[in-house]
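Please read the structure below before turning to the comments.
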Amino acid sequence: METGFAELAALYEIASLDFPGSEKGLFREVVEKASRLFGVRRVILLLHAGGGGRACLTWGCYRLGIDDYRAYIEQNRSLPEAYARELGNGDDLGLLYLEKKGGFSPREVRLLDIFSKRLAEVLQAHYLQDRVRRANERFKLVVENSPMVAVLGLDHRGKPAQWNREAEQLFGIVRTNWGCKDLLRQVVPRERFKEALREVLRTGRASPPGEWMLQNRAGAGRWVLMSIVPVYEGPGEGGVFFMAVDITARKEAEERFRYLSVRDALTGLYNRNYFEEVMQRLDAEGRRPVSVITFDVDGLKLVNDCLGHAEGDRLLRQVAAVARKCFREEDFVARIGGDEFAVILPGAAYTNAARACARLVETVEARGKHGPELPVTVSAGVATAQTIRESVYEAFKQADDGMYREKLRNTNRVAGRILGFCMAALQEKDFLATGHAERLAVLGEQLGRSVGLTKEELDKLALLARVHDIGKVGIATHILFKPGPLAKEERDEMKRHVEIGYRIARSFPELAPVADLILQHHEWWNGQGYPRGLKGDEIDLLARILAIVDAYDAMTSDRPYRKALPKEEAIAELQRCAGTQFDPQLVEVFLKLIR
């Protein structure tokens, strides 16, 4: 419970992050919260938005250029001591990078994901607000200089007397049979506009600028800011002038800003701020009963590590879509954290809320069973504020505690299902189906016994043979099975599979013993391998053994990009690479075994 309160306190701290007036001020808040909540020793914030430029804010770092910091982040982002997240979904806002001595716990990583999402929301709202402000300034300039202002003058008979090109385009003016009736048919709401026009003619005073919708016959509309100015030229003469500016873009930006203020950008559900506003409002109104459901996507961190954050985001959107359909229109469904969701059900008794919760859990799991996609499950909790003495927030906390208890019960089952999916995906993306792993295990055991490996080491080598390329589940199929040579970008992407595999193995106790070996199995004897450039005996013996038998089996087996090489050519290639790519002594022992 103490941990739960600490995490709740951290979540409130994160939720309080807001834009203080400048990017530097925001960075100071980021540093203060990151150092106090997570004990980080280094913070780098790369910003891409805001006027189209680039900015780099650092704390605890040496003075470097932006490109140098980016290179530093790319070099270190996979290390346990580092945390790096791109900010924004679809919008390239920038990159947050943190370092902590000793590395981050899974709980801290989950909180940091929430922290980075909140930072992205703050930046996104700031940039959008700044764009709206600049749009308003441009609008003022346009009005003062008139070129973009639509000006339409109607005489006392309601016929167009004067207009400019903008008015032609905005109002659709034609020189024949066009008049006030055509204008009135376009303006929405029509009756209110008629009343405004009558008031101008009655008082002889111009109307203040008003926002109106102009709709064409197809129903498409444009927003305009329009004033009505009376013109008196003598008895029976005169008319009115309409001066309008198209503000459709501004209205859309304002609507987007309002949307972002209450909605989660990824899922379209309500965000945490709005969720808490609803809880406070219901408490103030005293409505009872009010039920609360909390749920989160099981194993999302494993999904992100195994299949990438794009797949994790897809799962979140999928669960959000299911949640929308499982609850009533009057219910408030929100995403309140990285993988956490909550629902407020006004007027719902506990039994009804429990049925809705069960329907959600069953629907999500049933949807995840269809097709070859990753199986999806959620853990959930339910609680109800029955009387005015029980706050909605207390119900939310009880539901959250129940959800976490359920999540603990599901942990091993979920991890097993994800691991099973990864192994099945590896079989499709690699060459396990053709006996590759079995051949590596046999060859590895023969070479291992020849150099005196213990039974424990031989068992570890057999496991490594089976899962050394598990990181390929995170690599695009078109790269894995490309029939021709890979481009540089594709080669760089392919190299990521050892780091992906390392993260996957670290996530599962069954694979953790070989995680470091997976990371090393593409290191070269001469130090020219990847990802860390280890050389010689710095590379674990088991990884050196696997590198040799894997290369031999790859050369003597059919692959999408070539046919199998004759045994003699494979032996010659191993001899050529001994001392550069491979351990020369191990190559010598291996060649004696296979000749």
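Scheme for the structure tokens: letters A, B, ... for chains in order shown; per-chain residue numbers from 1; ligand numbers from 1 in order shown.
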Counting only C-alpha atoms, which residues of range 51-129 of chain A fall within 12 Å of range 18-29 of chain A, and what is the closest atom pair for each with its distance in Å at one decimal, ordered by chain and rising number, as CSV?
```
residue,atom,partner,partner_atom,distance
A:Arg54,CA,A:Glu23,CA,11.8
A:Ala55,CA,A:Glu23,CA,9.4
A:Cys56,CA,A:Lys24,CA,10.0
A:Leu57,CA,A:Phe27,CA,7.1
A:Thr58,CA,A:Phe27,CA,8.5
A:Trp59,CA,A:Arg28,CA,9.0
A:Leu96,CA,A:Phe27,CA,10.4
A:Phe115,CA,A:Asp18,CA,11.5
A:Arg118,CA,A:Asp18,CA,8.7
A:Leu119,CA,A:Asp18,CA,8.0
A:Ala120,CA,A:Asp18,CA,10.5
A:Glu121,CA,A:Asp18,CA,9.1
A:Val122,CA,A:Asp18,CA,6.0
A:Leu123,CA,A:Phe19,CA,7.5
A:Gln124,CA,A:Phe19,CA,10.3
A:Ala125,CA,A:Phe19,CA,8.8
A:His126,CA,A:Phe19,CA,7.0
A:Tyr127,CA,A:Phe19,CA,10.4
A:Gln129,CA,A:Phe19,CA,11.1
```
Could you give me, as a PyMOL selection string, the residues within 12 Å of range 444-455 of chain A, counting only C-alpha atoms and dropping anything in the same chain fewer than 3 positions from it? chain A and resi 436-441+458-466+541-553+585-594
Hey, what's within 12 Å of range 263-272 of chain A if we count only C-alpha atoms and toss same-chain stuff fewer than 6 positions away? As a VMD selection string, please? chain A and resid 11 to 12 14 to 16 87 to 91 114 117 to 118 120 to 122 124 to 125 255 to 257 278 to 279 310 312 to 324 331 to 344
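Nearest to Asp298 in chain A of all the residues A:Leu565, A:Leu408, A:Leu480, A:Ala34 is A:Leu408, based on only C-alpha atoms.
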Enter the distance from CA of Gly420 in chain A to CA of Pro375 in chain A, in Å, rounded to one decimal. 10.1 Å
What is the CA of His468 in chain A-CA of Ile418 in chain A distance in Å, reported with one decimal? 17.2 Å
Which parts of range 197-277 of chain A does DSSP call strand (DSSP E or B) when run on the backbone here, written out as a PyMOL selection string? chain A and resi 210-215+221-232+238-246+263+270
Selection from above, N, CA, C and O atoms, as an mmCIF file, in the first residue's frame, can you write it?
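Written output follows (part-v5.cif):
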```cif
data_model
loop_
_atom_site.group_PDB
_atom_site.id
_atom_site.type_symbol
_atom_site.label_atom_id
_atom_site.label_comp_id
_atom_site.auth_asym_id
_atom_site.auth_seq_id
_atom_site.Cartn_x
_atom_site.Cartn_y
_atom_site.Cartn_z
ATOM 1 N N GLY A 210 -19.159 39.496 -35.565
ATOM 2 C CA GLY A 210 -19.763 38.246 -35.091
ATOM 3 C C GLY A 210 -19.281 37.071 -35.918
ATOM 4 O O GLY A 210 -18.920 37.223 -37.094
ATOM 5 N N GLU A 211 -19.263 35.915 -35.292
ATOM 6 C CA GLU A 211 -18.824 34.690 -35.987
ATOM 7 C C GLU A 211 -20.055 33.989 -36.551
ATOM 8 O O GLU A 211 -21.009 33.682 -35.824
ATOM 9 N N TRP A 212 -19.992 33.707 -37.843
ATOM 10 C CA TRP A 212 -21.106 33.073 -38.543
ATOM 11 C C TRP A 212 -20.572 31.944 -39.403
ATOM 12 O O TRP A 212 -19.433 31.961 -39.856
ATOM 13 N N MET A 213 -21.452 31.004 -39.653
ATOM 14 C CA MET A 213 -21.127 29.905 -40.557
ATOM 15 C C MET A 213 -21.797 30.165 -41.902
ATOM 16 O O MET A 213 -22.994 30.452 -41.969
ATOM 17 N N LEU A 214 -21.002 30.081 -42.986
ATOM 18 C CA LEU A 214 -21.553 30.165 -44.341
ATOM 19 C C LEU A 214 -21.599 28.755 -44.917
ATOM 20 O O LEU A 214 -20.575 28.079 -45.024
ATOM 21 N N GLN A 215 -22.788 28.320 -45.279
ATOM 22 C CA GLN A 215 -22.963 26.977 -45.827
ATOM 23 C C GLN A 215 -23.369 27.058 -47.285
ATOM 24 O O GLN A 215 -24.278 27.810 -47.643
ATOM 25 N N GLY A 221 -19.277 24.064 -44.987
ATOM 26 C CA GLY A 221 -19.320 25.390 -44.403
ATOM 27 C C GLY A 221 -17.958 25.996 -44.163
ATOM 28 O O GLY A 221 -16.951 25.287 -44.080
ATOM 29 N N ARG A 222 -17.953 27.321 -44.051
ATOM 30 C CA ARG A 222 -16.755 28.067 -43.709
ATOM 31 C C ARG A 222 -17.137 29.086 -42.641
ATOM 32 O O ARG A 222 -18.193 29.719 -42.726
ATOM 33 N N TRP A 223 -16.258 29.237 -41.646
ATOM 34 C CA TRP A 223 -16.493 30.222 -40.599
ATOM 35 C C TRP A 223 -15.979 31.591 -41.057
ATOM 36 O O TRP A 223 -14.904 31.688 -41.640
ATOM 37 N N VAL A 224 -16.785 32.640 -40.769
ATOM 38 C CA VAL A 224 -16.358 34.001 -41.081
ATOM 39 C C VAL A 224 -16.577 34.890 -39.862
ATOM 40 O O VAL A 224 -17.492 34.661 -39.057
ATOM 41 N N LEU A 225 -15.709 35.874 -39.720
ATOM 42 C CA LEU A 225 -15.898 36.946 -38.749
ATOM 43 C C LEU A 225 -16.432 38.138 -39.546
ATOM 44 O O LEU A 225 -15.743 38.650 -40.426
ATOM 45 N N MET A 226 -17.668 38.569 -39.223
ATOM 46 C CA MET A 226 -18.334 39.523 -40.116
ATOM 47 C C MET A 226 -18.973 40.661 -39.315
ATOM 48 O O MET A 226 -19.555 40.438 -38.250
ATOM 49 N N SER A 227 -18.833 41.866 -39.862
ATOM 50 C CA SER A 227 -19.510 43.057 -39.331
ATOM 51 C C SER A 227 -20.493 43.577 -40.371
ATOM 52 O O SER A 227 -20.265 43.437 -41.586
ATOM 53 N N ILE A 228 -21.563 44.191 -39.870
ATOM 54 C CA ILE A 228 -22.572 44.798 -40.746
ATOM 55 C C ILE A 228 -22.553 46.306 -40.497
ATOM 56 O O ILE A 228 -22.738 46.756 -39.358
ATOM 57 N N VAL A 229 -22.325 47.075 -41.563
ATOM 58 C CA VAL A 229 -22.199 48.529 -41.432
ATOM 59 C C VAL A 229 -23.293 49.194 -42.274
ATOM 60 O O VAL A 229 -23.362 48.970 -43.499
ATOM 61 N N PRO A 230 -24.154 50.015 -41.643
ATOM 62 C CA PRO A 230 -25.210 50.685 -42.424
ATOM 63 C C PRO A 230 -24.650 51.883 -43.201
ATOM 64 O O PRO A 230 -23.703 52.537 -42.767
ATOM 65 N N VAL A 231 -25.214 52.128 -44.343
ATOM 66 C CA VAL A 231 -24.809 53.280 -45.167
ATOM 67 C C VAL A 231 -26.074 54.062 -45.517
ATOM 68 O O VAL A 231 -27.019 53.512 -46.104
ATOM 69 N N TYR A 232 -26.100 55.364 -45.139
ATOM 70 C CA TYR A 232 -27.265 56.216 -45.436
ATOM 71 C C TYR A 232 -26.852 57.280 -46.442
ATOM 72 O O TYR A 232 -25.927 58.045 -46.217
ATOM 73 N N GLY A 238 -29.157 54.271 -49.946
ATOM 74 C CA GLY A 238 -28.249 53.676 -48.949
ATOM 75 C C GLY A 238 -28.234 52.164 -49.053
ATOM 76 O O GLY A 238 -28.529 51.594 -50.106
ATOM 77 N N GLY A 239 -27.923 51.536 -47.965
ATOM 78 C CA GLY A 239 -27.822 50.088 -47.941
ATOM 79 C C GLY A 239 -26.955 49.633 -46.780
ATOM 80 O O GLY A 239 -26.838 50.314 -45.761
ATOM 81 N N VAL A 240 -26.321 48.508 -46.954
ATOM 82 C CA VAL A 240 -25.439 47.978 -45.904
ATOM 83 C C VAL A 240 -24.181 47.420 -46.543
ATOM 84 O O VAL A 240 -24.187 46.954 -47.701
ATOM 85 N N PHE A 241 -23.097 47.467 -45.763
ATOM 86 C CA PHE A 241 -21.856 46.817 -46.150
ATOM 87 C C PHE A 241 -21.609 45.636 -45.204
ATOM 88 O O PHE A 241 -21.782 45.762 -43.992
ATOM 89 N N PHE A 242 -21.206 44.514 -45.800
ATOM 90 C CA PHE A 242 -20.782 43.345 -45.014
ATOM 91 C C PHE A 242 -19.275 43.199 -45.204
ATOM 92 O O PHE A 242 -18.795 43.113 -46.345
ATOM 93 N N MET A 243 -18.539 43.187 -44.113
ATOM 94 C CA MET A 243 -17.093 42.981 -44.174
ATOM 95 C C MET A 243 -16.772 41.701 -43.410
ATOM 96 O O MET A 243 -17.084 41.587 -42.208
ATOM 97 N N ALA A 244 -16.207 40.755 -44.118
ATOM 98 C CA ALA A 244 -16.017 39.418 -43.532
ATOM 99 C C ALA A 244 -14.606 38.915 -43.798
ATOM 100 O O ALA A 244 -14.000 39.211 -44.835
ATOM 101 N N VAL A 245 -14.120 38.160 -42.847
ATOM 102 C CA VAL A 245 -12.831 37.498 -42.962
ATOM 103 C C VAL A 245 -13.035 36.007 -42.712
ATOM 104 O O VAL A 245 -13.730 35.611 -41.759
ATOM 105 N N ASP A 246 -12.441 35.182 -43.548
ATOM 106 C CA ASP A 246 -12.530 33.734 -43.380
ATOM 107 C C ASP A 246 -11.667 33.307 -42.179
ATOM 108 O O ASP A 246 -10.452 33.493 -42.170
ATOM 109 N N ARG A 263 -8.955 15.647 -24.166
ATOM 110 C CA ARG A 263 -8.828 14.337 -24.802
ATOM 111 C C ARG A 263 -7.382 13.856 -24.825
ATOM 112 O O ARG A 263 -6.436 14.639 -24.893
ATOM 113 N N TYR A 270 -11.105 10.577 -23.048
ATOM 114 C CA TYR A 270 -10.819 11.694 -22.160
ATOM 115 C C TYR A 270 -9.447 11.504 -21.517
ATOM 116 O O TYR A 270 -8.976 10.381 -21.336
#
```
Long-range neighbours of range 377-380 of chain A as a ChimeraX atom specification, 7 Å cut-off, only C-alpha atoms, 4 positions minimum in chain: /A:293-298,361,364-365,403,406-407
Calculate how many Å separate CA of Phe38 in chain A from CA of Arg409 in chain A, rounding to one decimal. 27.1 Å
So that I can see what lies close to range 287-290 of chain A, please list as a VMD selection string the residues with an atom at most 7 Å from it, counting only C-alpha atoms and leaving out residues fewer than 3 positions away in the same chain. chain A and resid 282 to 283 345 to 349 384 to 388 392
Which residue is closest to Ile66 in chain A? Choose from A:Ala578, A:Ala572, A:Leu45, A:Met494 and count only C-alpha atoms.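 Smallest distance to Ile66 in chain A is found for A:Leu45.
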With only C-alpha atoms as the basis for distance, which of A:Trp524, A:Phe396, A:Tyr530, A:Phe275 is at the shortest distance from Gln581 in chain A? A:Trp524
List every residue of range 410-526 of chain A that DSSP, applied to the backbone of this structure, places in alpha helix (DSSP H), and write the result as a PyMOL selection string. chain A and resi 410-429+436-450+455-467+477-480+488-495+497-507+515-520
Those residues with C-alpha atoms, as a PDB file, in the first residue's frame please?
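Final output, out-v1.pdb:
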```pdb
ATOM      1  CA  ASN A 410      -2.191 -12.237 -14.227  1.00  0.00           C
ATOM      2  CA  THR A 411       1.519 -11.372 -14.486  1.00  0.00           C
ATOM      3  CA  ASN A 412       2.960 -14.845 -15.113  1.00  0.00           C
ATOM      4  CA  ARG A 413       0.123 -15.889 -17.420  1.00  0.00           C
ATOM      5  CA  VAL A 414       0.448 -12.743 -19.500  1.00  0.00           C
ATOM      6  CA  ALA A 415       4.234 -13.014 -19.729  1.00  0.00           C
ATOM      7  CA  GLY A 416       3.908 -16.626 -20.865  1.00  0.00           C
ATOM      8  CA  ARG A 417       1.424 -15.707 -23.593  1.00  0.00           C
ATOM      9  CA  ILE A 418       3.613 -12.877 -24.870  1.00  0.00           C
ATOM     10  CA  LEU A 419       6.699 -15.098 -24.848  1.00  0.00           C
ATOM     11  CA  GLY A 420       4.770 -17.773 -26.726  1.00  0.00           C
ATOM     12  CA  PHE A 421       3.680 -15.203 -29.288  1.00  0.00           C
ATOM     13  CA  CYS A 422       7.268 -13.980 -29.696  1.00  0.00           C
ATOM     14  CA  MET A 423       8.548 -17.510 -30.240  1.00  0.00           C
ATOM     15  CA  ALA A 424       5.799 -18.173 -32.791  1.00  0.00           C
ATOM     16  CA  ALA A 425       6.610 -14.889 -34.527  1.00  0.00           C
ATOM     17  CA  LEU A 426      10.309 -15.810 -34.537  1.00  0.00           C
ATOM     18  CA  GLN A 427       9.471 -19.104 -36.206  1.00  0.00           C
ATOM     19  CA  GLU A 428       7.690 -17.198 -38.967  1.00  0.00           C
ATOM     20  CA  LYS A 429      10.364 -14.514 -39.327  1.00  0.00           C
ATOM     21  CA  HIS A 436      18.086 -24.018 -37.991  1.00  0.00           C
ATOM     22  CA  ALA A 437      17.929 -23.963 -34.176  1.00  0.00           C
ATOM     23  CA  GLU A 438      18.280 -27.743 -33.884  1.00  0.00           C
ATOM     24  CA  ARG A 439      21.333 -27.789 -36.146  1.00  0.00           C
ATOM     25  CA  LEU A 440      22.920 -24.948 -34.171  1.00  0.00           C
ATOM     26  CA  ALA A 441      22.284 -26.809 -30.930  1.00  0.00           C
ATOM     27  CA  VAL A 442      23.938 -29.972 -32.269  1.00  0.00           C
ATOM     28  CA  LEU A 443      26.927 -28.172 -33.768  1.00  0.00           C
ATOM     29  CA  GLY A 444      27.255 -25.967 -30.699  1.00  0.00           C
ATOM     30  CA  GLU A 445      27.206 -28.963 -28.355  1.00  0.00           C
ATOM     31  CA  GLN A 446      29.906 -30.721 -30.387  1.00  0.00           C
ATOM     32  CA  LEU A 447      32.155 -27.661 -30.389  1.00  0.00           C
ATOM     33  CA  GLY A 448      31.364 -26.925 -26.730  1.00  0.00           C
ATOM     34  CA  ARG A 449      32.285 -30.421 -25.601  1.00  0.00           C
ATOM     35  CA  SER A 450      35.513 -30.222 -27.577  1.00  0.00           C
ATOM     36  CA  LYS A 455      26.766 -29.283 -18.621  1.00  0.00           C
ATOM     37  CA  GLU A 456      25.365 -25.968 -17.365  1.00  0.00           C
ATOM     38  CA  GLU A 457      27.252 -24.092 -20.082  1.00  0.00           C
ATOM     39  CA  LEU A 458      26.092 -26.570 -22.726  1.00  0.00           C
ATOM     40  CA  ASP A 459      22.473 -26.116 -21.619  1.00  0.00           C
ATOM     41  CA  LYS A 460      22.877 -22.345 -21.808  1.00  0.00           C
ATOM     42  CA  LEU A 461      24.410 -22.679 -25.289  1.00  0.00           C
ATOM     43  CA  ALA A 462      21.453 -24.808 -26.419  1.00  0.00           C
ATOM     44  CA  LEU A 463      19.025 -22.125 -25.179  1.00  0.00           C
ATOM     45  CA  LEU A 464      21.081 -19.445 -26.929  1.00  0.00           C
ATOM     46  CA  ALA A 465      20.940 -21.430 -30.183  1.00  0.00           C
ATOM     47  CA  ARG A 466      17.173 -21.444 -29.943  1.00  0.00           C
ATOM     48  CA  VAL A 467      16.562 -17.771 -29.132  1.00  0.00           C
ATOM     49  CA  THR A 477       9.536  -8.660 -42.684  1.00  0.00           C
ATOM     50  CA  HIS A 478      10.456  -6.920 -45.944  1.00  0.00           C
ATOM     51  CA  ILE A 479      13.969  -6.382 -44.551  1.00  0.00           C
ATOM     52  CA  LEU A 480      14.378  -9.919 -43.171  1.00  0.00           C
ATOM     53  CA  LYS A 488      22.583   1.103 -45.440  1.00  0.00           C
ATOM     54  CA  GLU A 489      19.403   2.150 -43.606  1.00  0.00           C
ATOM     55  CA  GLU A 490      18.116  -1.427 -43.817  1.00  0.00           C
ATOM     56  CA  ARG A 491      21.415  -2.821 -42.498  1.00  0.00           C
ATOM     57  CA  ASP A 492      21.283  -0.407 -39.588  1.00  0.00           C
ATOM     58  CA  GLU A 493      17.729  -1.488 -38.873  1.00  0.00           C
ATOM     59  CA  MET A 494      18.724  -5.165 -39.047  1.00  0.00           C
ATOM     60  CA  LYS A 495      21.525  -4.594 -36.537  1.00  0.00           C
ATOM     61  CA  HIS A 497      17.781  -7.082 -33.564  1.00  0.00           C
ATOM     62  CA  VAL A 498      20.523  -7.876 -31.040  1.00  0.00           C
ATOM     63  CA  GLU A 499      19.458  -4.985 -28.795  1.00  0.00           C
ATOM     64  CA  ILE A 500      15.782  -5.860 -29.204  1.00  0.00           C
ATOM     65  CA  GLY A 501      16.594  -9.484 -28.390  1.00  0.00           C
ATOM     66  CA  TYR A 502      18.547  -8.396 -25.316  1.00  0.00           C
ATOM     67  CA  ARG A 503      15.581  -6.392 -24.017  1.00  0.00           C
ATOM     68  CA  ILE A 504      13.178  -9.249 -24.702  1.00  0.00           C
ATOM     69  CA  ALA A 505      15.378 -11.791 -22.927  1.00  0.00           C
ATOM     70  CA  ARG A 506      15.794  -9.490 -19.935  1.00  0.00           C
ATOM     71  CA  SER A 507      11.999  -9.337 -19.668  1.00  0.00           C
ATOM     72  CA  ALA A 515      20.384 -11.951 -22.520  1.00  0.00           C
ATOM     73  CA  ASP A 516      24.018 -10.758 -22.537  1.00  0.00           C
ATOM     74  CA  LEU A 517      24.963 -13.547 -24.957  1.00  0.00           C
ATOM     75  CA  ILE A 518      22.227 -12.434 -27.385  1.00  0.00           C
ATOM     76  CA  LEU A 519      23.668  -8.920 -27.240  1.00  0.00           C
ATOM     77  CA  GLN A 520      27.154 -10.264 -28.067  1.00  0.00           C
TER      78      GLN A 520
END
```
